[in-house]
file model_33.tsv (TSV, C-alpha atoms)
chain	number	residue	atom	x	y	z
G	1	VAL	CA	20.53	-4.20	-38.82
G	2	ILE	CA	22.73	-3.64	-35.77
G	3	LEU	CA	20.17	-1.30	-34.22
G	4	ALA	CA	17.41	-3.86	-34.73
G	5	SER	CA	19.50	-6.57	-33.07
G	6	LEU	CA	20.39	-4.69	-29.89
G	7	GLY	CA	17.29	-5.29	-27.80
G	8	ASP	CA	18.20	-4.95	-24.11
G	9	VAL	CA	21.46	-6.91	-24.32
G	10	TYR	CA	24.32	-4.45	-24.32
G	11	SER	CA	27.00	-7.08	-25.02
G	12	ARG	CA	25.67	-7.32	-28.57
G	13	PHE	CA	27.01	-3.84	-29.18
G	14	ASP	CA	30.55	-5.25	-28.89
G	15	HIS	CA	30.05	-6.72	-32.35
G	16	ALA	CA	29.30	-3.37	-33.95
G	17	PRO	CA	31.98	-1.69	-36.11
G	18	ASP	CA	34.23	0.77	-34.28
G	19	GLU	CA	33.00	3.70	-36.35
G	20	LEU	CA	29.50	3.16	-34.98
G	21	LYS	CA	30.70	3.26	-31.37
G	22	SER	CA	31.52	6.95	-31.74
G	23	ASP	CA	28.69	7.84	-34.11
G	24	ARG	CA	26.47	10.43	-32.43
G	25	GLN	CA	23.50	9.99	-34.77
G	26	PHE	CA	23.62	6.24	-34.30
G	27	PHE	CA	23.51	6.65	-30.52
G	28	LEU	CA	20.57	8.99	-30.74
G	29	SER	CA	18.75	6.15	-32.49
G	30	VAL	CA	19.98	3.66	-29.88
G	31	ILE	CA	18.70	5.72	-26.93
G	32	LYS	CA	15.32	6.21	-28.62
G	33	LYS	CA	15.02	2.43	-28.98
G	34	ALA	CA	16.59	1.36	-25.67
G	35	PRO	CA	17.18	4.19	-23.13
G	36	SER	CA	18.92	1.76	-20.76
G	37	TYR	CA	21.97	1.84	-23.07
G	38	TYR	CA	22.73	5.38	-21.95
G	39	LYS	CA	24.63	4.22	-18.87
G	40	TYR	CA	27.12	2.37	-21.07
G	41	LEU	CA	28.06	5.37	-23.21
G	42	SER	CA	31.38	7.14	-23.05
G	43	LEU	CA	31.60	10.28	-20.92
G	44	GLU	CA	31.83	12.30	-24.13
G	45	LEU	CA	28.54	10.93	-25.44
G	46	LYS	CA	26.88	11.09	-22.02
G	47	SER	CA	27.80	14.77	-21.92
G	48	ASP	CA	25.97	15.39	-25.18
G	49	ARG	CA	22.94	17.37	-24.00
G	50	GLU	CA	20.56	16.02	-26.64
G	51	ILE	CA	21.46	12.41	-25.89
G	52	ALA	CA	21.31	12.98	-22.10
G	53	LEU	CA	17.94	14.68	-22.39
G	54	LEU	CA	16.53	11.87	-24.48
G	55	ALA	CA	17.59	9.33	-21.83
G	56	ALA	CA	16.27	11.45	-18.94
G	57	ARG	CA	12.89	11.86	-20.61
G	58	ASN	CA	12.52	8.10	-20.91
G	59	SER	CA	13.30	7.05	-17.35
G	60	VAL	CA	14.43	8.20	-13.93
G	61	ASN	CA	17.49	5.96	-14.36
G	62	GLY	CA	18.37	7.90	-17.48
G	63	PHE	CA	18.34	11.07	-15.41
G	64	LEU	CA	20.45	9.42	-12.69
G	65	ASP	CA	23.11	8.40	-15.19
G	66	ALA	CA	23.42	11.93	-16.59
G	67	PRO	CA	26.47	14.06	-15.67
G	68	GLU	CA	26.07	16.12	-12.49
G	69	GLU	CA	26.12	19.35	-14.49
G	70	PHE	CA	22.79	18.37	-16.07
G	71	LYS	CA	21.15	17.17	-12.85
G	72	SER	CA	21.70	20.61	-11.32
G	73	ASP	CA	20.65	22.57	-14.42
G	74	LYS	CA	17.14	23.99	-14.02
G	75	ASP	CA	16.50	24.23	-17.77
G	76	PHE	CA	17.61	20.63	-18.30
G	77	ILE	CA	15.36	19.40	-15.47
G	78	ILE	CA	12.34	21.24	-16.84
G	79	GLU	CA	12.99	19.92	-20.35
G	80	ALA	CA	13.32	16.40	-18.94
G	81	LEU	CA	10.00	16.71	-17.10
G	82	GLN	CA	7.91	18.19	-19.91
G	83	PRO	CA	7.16	15.08	-22.00
G	84	SER	CA	7.76	12.49	-19.30
G	85	ASP	CA	5.25	9.88	-18.20
G	86	ASN	CA	3.49	10.29	-14.85
G	87	LEU	CA	5.92	8.93	-12.30
G	88	ASN	CA	8.95	10.48	-13.96
G	89	GLY	CA	8.03	13.59	-12.00
G	90	ARG	CA	9.58	11.83	-9.03
G	91	LEU	CA	13.03	12.39	-10.53
G	92	ILE	CA	13.17	15.58	-8.44
G	93	GLU	CA	14.25	13.27	-5.63
G	94	PHE	CA	17.68	13.39	-7.23
G	95	ILE	CA	18.08	17.11	-7.89
G	96	PRO	CA	20.00	19.48	-5.57
G	97	ASP	CA	18.14	20.60	-2.44
G	98	GLY	CA	18.22	24.20	-3.61
G	99	LEU	CA	16.10	23.29	-6.65
G	100	LYS	CA	13.59	21.36	-4.56
G	101	GLU	CA	12.19	24.70	-3.43
G	102	ASP	CA	11.84	25.96	-7.01
G	103	ARG	CA	8.09	26.29	-7.53
G	104	GLU	CA	8.24	25.95	-11.30
G	105	ILE	CA	10.14	22.67	-11.11
G	106	VAL	CA	8.10	21.23	-8.24
G	107	SER	CA	4.77	22.21	-9.81
G	108	MET	CA	5.69	20.45	-13.05
G	109	ALA	CA	6.88	17.38	-11.14
G	110	LEU	CA	3.63	17.26	-9.18
G	111	LYS	CA	1.62	17.38	-12.38
G	112	LYS	CA	3.66	14.57	-13.92
G	113	SER	CA	3.47	12.37	-10.80
G	114	ASN	CA	-0.18	13.01	-9.87
G	115	GLY	CA	1.11	14.65	-6.70
G	116	SER	CA	3.43	11.94	-5.36
G	117	ALA	CA	6.56	14.01	-6.11
G	118	PHE	CA	5.55	16.27	-3.22
G	119	GLU	CA	7.52	13.82	-1.07
G	120	PHE	CA	10.72	15.36	-2.44
G	121	ALA	CA	9.79	19.04	-2.33
G	122	SER	CA	11.50	21.32	0.16
G	123	GLU	CA	10.18	21.47	3.71
G	124	GLU	CA	9.08	25.04	3.09
G	125	LEU	CA	6.86	24.04	0.16
G	126	ARG	CA	5.49	20.99	1.98
G	127	ASN	CA	4.22	23.34	4.71
G	128	ASP	CA	2.93	26.09	2.41
G	129	LYS	CA	-0.87	25.95	2.65
G	130	LYS	CA	-1.49	28.41	-0.18
G	131	TYR	CA	0.82	26.49	-2.51
G	132	PHE	CA	-0.73	23.17	-1.54
G	133	LEU	CA	-4.27	24.32	-2.26
G	134	GLN	CA	-3.30	25.32	-5.79
G	135	MET	CA	-2.71	21.69	-6.76
G	136	PRO	CA	-5.29	20.16	-9.12
G	137	LEU	CA	-5.54	17.02	-6.95
G	138	LEU	CA	-4.68	17.14	-3.27
G	139	GLY	CA	-5.17	13.57	-2.10
G	140	LEU	CA	-1.92	11.88	-3.12
G	141	ALA	CA	0.25	14.87	-2.21
G	142	TYR	CA	-1.38	15.10	1.25
G	143	GLN	CA	0.49	12.01	2.40
G	144	TYR	CA	3.78	13.90	2.00
G	145	ALA	CA	2.65	17.29	3.28
G	146	GLY	CA	4.10	18.95	6.37
G	147	GLU	CA	2.45	18.73	9.78
G	148	GLY	CA	0.95	22.20	9.45
G	149	ILE	CA	-1.09	21.05	6.45
G	150	LYS	CA	-1.98	17.69	7.99
G	151	SER	CA	-3.38	19.53	11.01
G	152	ASP	CA	-5.55	21.86	8.93
G	153	LYS	CA	-9.24	20.94	9.08
G	154	GLU	CA	-10.19	23.03	6.05
G	155	ILE	CA	-7.67	21.23	3.84
G	156	LEU	CA	-8.81	17.76	4.89
G	157	LEU	CA	-12.45	18.64	4.22
G	158	ARG	CA	-11.42	19.97	0.82
G	159	ILE	CA	-9.79	16.63	0.05
G	160	PHE	CA	-12.95	14.81	1.09
G	161	GLU	CA	-14.75	16.86	-1.57
G	162	GLU	CA	-12.54	15.11	-4.12
G	163	GLY	CA	-14.00	11.84	-2.83
G	164	ASN	CA	-10.69	10.88	-1.27
G	165	ILE	CA	-11.08	9.65	2.31
G	166	HIS	CA	-7.82	7.68	2.38
G	167	SER	CA	-6.11	10.91	3.42
G	168	LEU	CA	-7.70	10.59	6.86
G	169	GLU	CA	-5.03	7.96	7.57
G	170	TYR	CA	-2.31	10.61	7.20
G	171	ALA	CA	-4.06	13.44	9.05
G	172	SER	CA	-2.87	14.63	12.44
G	173	ASN	CA	-3.96	12.64	15.50
G	174	GLU	CA	-6.19	15.53	16.47
G	175	LEU	CA	-8.12	15.41	13.17
G	176	ARG	CA	-8.37	11.61	13.21
G	177	ALA	CA	-10.06	11.98	16.62
G	178	ASP	CA	-12.36	14.79	15.42
G	179	LYS	CA	-15.88	13.34	15.38
G	180	GLU	CA	-17.17	15.89	12.85
G	181	ILE	CA	-14.34	15.07	10.44
G	182	VAL	CA	-14.86	11.33	10.80
G	183	MET	CA	-18.62	11.71	10.29
G	184	LYS	CA	-17.92	13.51	6.98
G	185	ALA	CA	-15.61	10.70	5.90
G	186	ILE	CA	-18.18	8.04	6.79
G	187	GLY	CA	-20.70	9.84	4.62
G	188	ILE	CA	-18.42	9.13	1.68
G	189	GLN	CA	-17.23	5.65	2.63
G	190	PRO	CA	-18.56	3.78	5.72
G	191	TRP	CA	-15.22	2.01	6.27
G	192	ALA	CA	-13.54	5.39	6.77
G	193	LEU	CA	-14.17	4.77	10.47
G	194	THR	CA	-11.29	2.27	10.22
G	195	LEU	CA	-8.92	5.21	9.58
G	196	ALA	CA	-10.13	7.23	12.56
G	197	ASP	CA	-8.58	7.28	16.01
G	198	GLU	CA	-9.29	3.95	17.74
G	199	LYS	CA	-11.25	5.62	20.53
G	200	LEU	CA	-13.94	6.48	17.96
G	201	HIS	CA	-14.27	2.94	16.57
G	202	ASN	CA	-17.10	2.12	18.99
G	203	ASP	CA	-18.75	5.53	18.96
G	204	GLU	CA	-22.52	4.93	18.83
G	205	ASP	CA	-23.26	8.00	16.69
G	206	LEU	CA	-20.66	7.08	14.09
G	207	ILE	CA	-21.82	3.48	13.94
G	208	ALA	CA	-25.44	4.61	13.66
G	209	ALA	CA	-24.40	6.79	10.71
G	210	GLY	CA	-23.25	3.64	8.95
G	211	GLY	CA	-19.63	3.61	10.05
G	212	ILE	CA	-17.90	0.27	10.12
G	213	VAL	CA	-14.42	-0.86	11.12
G	214	GLU	CA	-12.76	-3.31	8.75
G	215	LEU	CA	-10.43	-5.71	10.52
G	216	GLU	CA	-7.23	-6.89	8.86
call {"tool": "encode", "arguments": {"input": "model_33.tsv", "output": "structure tokens"}}
result
Amino acid sequence: VILASLGDVYSRFDHAPDELKSDRQFFLSVIKKAPSYYKYLSLELKSDREIALLAARNSVNGFLDAPEEFKSDKDFIIEALQPSDNLNGRLIEFIPDGLKEDREIVSMALKKSNGSAFEFASEELRNDKKYFLQMPLLGLAYQYAGEGIKSDKEILLRIFEEGNIHSLEYASNELRADKEIVMKAIGIQPWALTLADEKLHNDEDLIAAGGIVELE
């Protein structure tokens, strides 16, 4: 009855019997129902690995509220990532820098976040062309890649093959001014000319190919 009444209002827990407030099994049920309660637990219960893992799997905030020993534990991080929903992969923003270069952790985070967790990978990984090209989808991660990758013509053309021309916006200035690259993008979406270097916006060949510039 108490569990059913909790909802998202933690003050209601004040009315629970004292024996429940230290009951591990009860709190496992609480966190399954309302992960946000984790931040209110005692340090002893927060330090319970099973309870902490359950909270971390449900939300990034659950991971943030976990003891530091868990947030720097590779096995805990991997276990937290495995069943998480898409954007929970971005929890690697909050892990130690040394683990942000761990390929196993970063690869799992990328999969869970559709690539957006690349923003929090180490600088070395964000500039590793071979590692980048192993991703299942390159488009979203490209925005957070290092300059070496954003200056690579082969990589940008590969992303265009995915049908993603938005990445042209994040490419190096040199590639955004590359007429061949922009022509490829226009072939996919005419408004891709909008993302090109401004000096190409009035290029007769690109306009003749169907390129258009969309004004804000």
call {"tool": "residues_around", "arguments": {"input": "model_33.tsv", "residues": "Ala185 of chain G", "least_positions_apart": "6", "cutoff": "8 Å", "atoms": "only C-alpha atoms", "output": "PyMOL selection string"}}
result
chain G and resi 160+165+168+192-193
call {"tool": "write_last_selection", "arguments": {"input": "model_33.tsv", "atoms": "C-alpha atoms", "output": "short mmCIF file (atom, residue, chain, number, x, y, z; two decimals), in the frame of the given file"}}
result
data_model
loop_
_atom_site.label_atom_id
_atom_site.label_comp_id
_atom_site.auth_asym_id
_atom_site.auth_seq_id
_atom_site.Cartn_x
_atom_site.Cartn_y
_atom_site.Cartn_z
CA PHE G 160 -12.95 14.81 1.09
CA ILE G 165 -11.08 9.65 2.31
CA LEU G 168 -7.70 10.59 6.86
CA ALA G 192 -13.54 5.39 6.77
CA LEU G 193 -14.17 4.77 10.47
#
call {"tool": "atom_distance", "arguments": {"input": "model_33.tsv", "atom1": "atom CA of Ala177 of chain G", "atom2": "atom CA of Gln143 of chain G"}}
result
17.7 Å
call {"tool": "atom_distance", "arguments": {"input": "model_33.tsv", "atom1": "atom CA of Leu99 of chain G", "atom2": "atom CA of Leu53 of chain G"}}
result
18.0 Å
call {"tool": "residues_around", "arguments": {"input": "model_33.tsv", "residues": "Lys179 of chain G", "least_positions_apart": "5", "cutoff": "12 Å", "atoms": "all atoms listed in the file", "output": "JSON, numbers by chain"}}
result
{"G": [153, 173, 174, 184, 185, 186, 192, 193, 196, 197, 198, 199, 200, 201, 202, 203, 204, 205, 206, 207, 209, 211]}
call {"tool": "residues_near_point", "arguments": {"input": "model_33.tsv", "point": "(-4.0, 24.6, -9.6)", "cutoff": "12 Å", "atoms": "all atoms listed in the file", "output": "PyMOL selection string"}}
result
chain G and resi 107-108+110-111+115+130-138
call {"tool": "residues_around", "arguments": {"input": "model_33.tsv", "residues": "Gly62 of chain G", "least_positions_apart": "6", "cutoff": "8 Å", "atoms": "all atoms listed in the file", "output": "number ranges by chain"}}
result
G: 35-36, 38-39, 52, 55-56
call {"tool": "residues_around", "arguments": {"input": "model_33.tsv", "residues": "Ala121 of chain G", "least_positions_apart": "5", "cutoff": "12 Å", "atoms": "all atoms listed in the file", "output": "ChimeraX atom specification"}}
result
/G:89-110,115-116,126-128,131-132,141,144-146
call {"tool": "atom_distance", "arguments": {"input": "model_33.tsv", "atom1": "atom CA of Glu68 of chain G", "atom2": "atom CA of Phe26 of chain G"}}
result
24.1 Å
call {"tool": "closest_residue", "arguments": {"input": "model_33.tsv", "among": "G:Asp152, G:Ala208, G:Phe63, G:Ser47", "to": "Glu79 of chain G", "atoms": "all atoms listed in the file"}}
result
G:Phe63
call {"tool": "closest_residue", "arguments": {"input": "model_33.tsv", "among": "G:Arg176, G:Leu215, G:Ala171, G:Ile159", "to": "Ile188 of chain G", "atoms": "all atoms listed in the file"}}
result
G:Ile159
call {"tool": "closest_residue", "arguments": {"input": "model_33.tsv", "among": "G:Ser22, G:Asn58, G:Glu162, G:Ile77", "to": "Leu43 of chain G", "atoms": "only C-alpha atoms"}}
result
G:Ser22
call {"tool": "axis_aligned_box", "arguments": {"input": "model_33.tsv", "around": "segment 172-177 of chain G", "padding_each_side": "6 Å", "output": "lines of an AutoDock Vina configuration file"}}
result
center_x = -6.5
center_y = 13.6
center_z = 14.5
size_x = 19.2
size_y = 15.9
size_z = 16.2
